[in-house]
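Let me begin by presenting the structure, written as structure tokens, before commenting on it.
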Amino acid sequence: MAKEPVRVLVTGAAGQIGYALVPMIARGVMLGPDQPVILHMLDIPPAAEALNGVKMELVDAAFPLLKGVVATTDAVEACTGVNVAVMVGGFPRKEGMERKDVMSKKCLNLQVTGLSS
């Protein structure tokens with residue numbers, strides 16, 4: 001009997017770290033070699049074109065465990081129905097910023113409802 005796909009959210013998916021993570025998740029490195037996944041990828045609007053490129057690459061690779069891909073810049077859409085969230089992302093330090101300033105930018109308070117365990 002086939003397992004139900006697990007929905008995995010990756011934020012910052014169009015960035016370097018996210019771009020390296022999503023194929024590994026699709027191959028089964030994260031949840032196991034027999035666990036199908038549906039990837040939910042979220043990034044900021046300026047990265048929308050790159051995010052769609054990542055989606056196309058995943059689809060082209062035809063990973064057997066990858067049962068779907070959601071690529072969006074909308075946090076509510078990205079988080080809907082998600083079982084696991086990998087929060088990756090960054091904010092570049094600008095001139096005059098201290099570490100605490102950068103960290104406050106990275107720690108967004110998202111209110112997500114419907115996130116199952």
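Going through the structure tokens in order, the chains are called A, B, and so on, while each chain numbers its residues from 1 and the ligands are numbered from 1 in the order shown.
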
*DSSP-assigned helix (DSSP H, G or I) members of segment 49-104 of chain A, reported as a PyMOL selection string*: chain A and resi 49-61+75-79+99-104

Could the residues in this selection be written to a file with N, CA, C and O atoms, as a tab-separated table (two decimals), in the first residue's frame?
chain	number	residue	atom	x	y	z
A	49	GLU	N	10.53	34.77	-10.21
A	49	GLU	CA	10.99	34.16	-11.46
A	49	GLU	C	11.98	33.03	-11.18
A	49	GLU	O	11.89	31.94	-11.77
A	50	ALA	N	12.90	33.25	-10.27
A	50	ALA	CA	13.86	32.20	-9.89
A	50	ALA	C	13.13	31.02	-9.25
A	50	ALA	O	13.47	29.85	-9.49
A	51	LEU	N	12.11	31.30	-8.44
A	51	LEU	CA	11.33	30.25	-7.80
A	51	LEU	C	10.64	29.37	-8.84
A	51	LEU	O	10.64	28.14	-8.73
A	52	ASN	N	10.07	30.00	-9.86
A	52	ASN	CA	9.46	29.22	-10.93
A	52	ASN	C	10.49	28.39	-11.68
A	52	ASN	O	10.19	27.29	-12.14
A	53	GLY	N	11.71	28.91	-11.80
A	53	GLY	CA	12.79	28.14	-12.41
A	53	GLY	C	13.13	26.90	-11.59
A	53	GLY	O	13.34	25.81	-12.15
A	54	VAL	N	13.15	27.04	-10.27
A	54	VAL	CA	13.41	25.89	-9.40
A	54	VAL	C	12.30	24.86	-9.57
A	54	VAL	O	12.56	23.66	-9.69
A	55	LYS	N	11.07	25.33	-9.64
A	55	LYS	CA	9.94	24.42	-9.84
A	55	LYS	C	10.10	23.65	-11.16
A	55	LYS	O	9.92	22.43	-11.19
A	56	MET	N	10.44	24.35	-12.23
A	56	MET	CA	10.61	23.68	-13.53
A	56	MET	C	11.71	22.63	-13.48
A	56	MET	O	11.58	21.54	-14.05
A	57	GLU	N	12.81	22.95	-12.79
A	57	GLU	CA	13.90	21.98	-12.68
A	57	GLU	C	13.46	20.74	-11.92
A	57	GLU	O	13.81	19.62	-12.29
A	58	LEU	N	12.69	20.92	-10.85
A	58	LEU	CA	12.19	19.77	-10.08
A	58	LEU	C	11.28	18.89	-10.94
A	58	LEU	O	11.39	17.66	-10.92
A	59	VAL	N	10.38	19.53	-11.67
A	59	VAL	CA	9.46	18.78	-12.52
A	59	VAL	C	10.24	18.06	-13.62
A	59	VAL	O	9.99	16.88	-13.90
A	60	ASP	N	11.20	18.73	-14.23
A	60	ASP	CA	12.02	18.12	-15.29
A	60	ASP	C	12.81	16.93	-14.79
A	60	ASP	O	13.04	15.97	-15.53
A	61	ALA	N	13.24	16.98	-13.53
A	61	ALA	CA	14.05	15.89	-12.98
A	61	ALA	C	13.24	14.62	-12.75
A	61	ALA	O	13.81	13.53	-12.63
A	75	ALA	N	2.41	33.56	1.54
A	75	ALA	CA	2.68	32.73	2.72
A	75	ALA	C	1.48	31.84	3.08
A	75	ALA	O	1.67	30.68	3.46
A	76	VAL	N	0.28	32.34	2.94
A	76	VAL	CA	-0.89	31.54	3.28
A	76	VAL	C	-1.03	30.36	2.32
A	76	VAL	O	-1.23	29.22	2.74
A	77	GLU	N	-0.87	30.62	1.04
A	77	GLU	CA	-0.92	29.54	0.05
A	77	GLU	C	0.17	28.52	0.30
A	77	GLU	O	-0.06	27.31	0.24
A	78	ALA	N	1.37	28.99	0.60
A	78	ALA	CA	2.50	28.08	0.81
A	78	ALA	C	2.31	27.20	2.04
A	78	ALA	O	2.73	26.05	2.05
A	79	CYS	N	1.69	27.73	3.08
A	79	CYS	CA	1.57	27.01	4.35
A	79	CYS	C	0.33	26.13	4.45
A	79	CYS	O	0.25	25.29	5.34
A	99	ARG	N	24.14	42.89	14.09
A	99	ARG	CA	23.59	41.54	14.00
A	99	ARG	C	22.15	41.48	14.50
A	99	ARG	O	21.30	40.83	13.89
A	100	LYS	N	21.85	42.18	15.58
A	100	LYS	CA	20.49	42.16	16.13
A	100	LYS	C	19.48	42.74	15.14
A	100	LYS	O	18.34	42.31	15.09
A	101	ASP	N	19.90	43.71	14.32
A	101	ASP	CA	19.01	44.28	13.31
A	101	ASP	C	18.67	43.25	12.24
A	101	ASP	O	17.53	43.13	11.80
A	102	VAL	N	19.66	42.50	11.82
A	102	VAL	CA	19.46	41.47	10.82
A	102	VAL	C	18.56	40.37	11.37
A	102	VAL	O	17.64	39.89	10.70
A	103	MET	N	18.81	39.97	12.61
A	103	MET	CA	18.02	38.90	13.22
A	103	MET	C	16.55	39.32	13.37
A	103	MET	O	15.66	38.50	13.18
A	104	SER	N	16.30	40.57	13.66
A	104	SER	CA	14.91	41.01	13.80
A	104	SER	C	14.19	40.95	12.45
A	104	SER	O	12.99	40.69	12.39

_Neighbouring residues of Asp43 of chain A were defined as those with any atom within 8 Å, considering only C-alpha atoms; residues of the same chain fewer than 2 positions away were excluded. Please report them as a list in words._
Thr11, Gly12, Ala13, Ala14, Met41, Pro45, Ala47, Ala48, Leu51, Thr72 and Thr73 of chain A

_For a test of reading the model, state the distance in Å between atom CA of Val6 of chain A and atom CA of Pro36 of chain A, rounded to one decimal._
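Between atom CA of Val6 of chain A and atom CA of Pro36 of chain A the gap is 6.4 Å.
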
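With atom CA of Gly15 of chain A on one side and atom CA of Ala71 of chain A on the other, the separation reads 13.1 Å.
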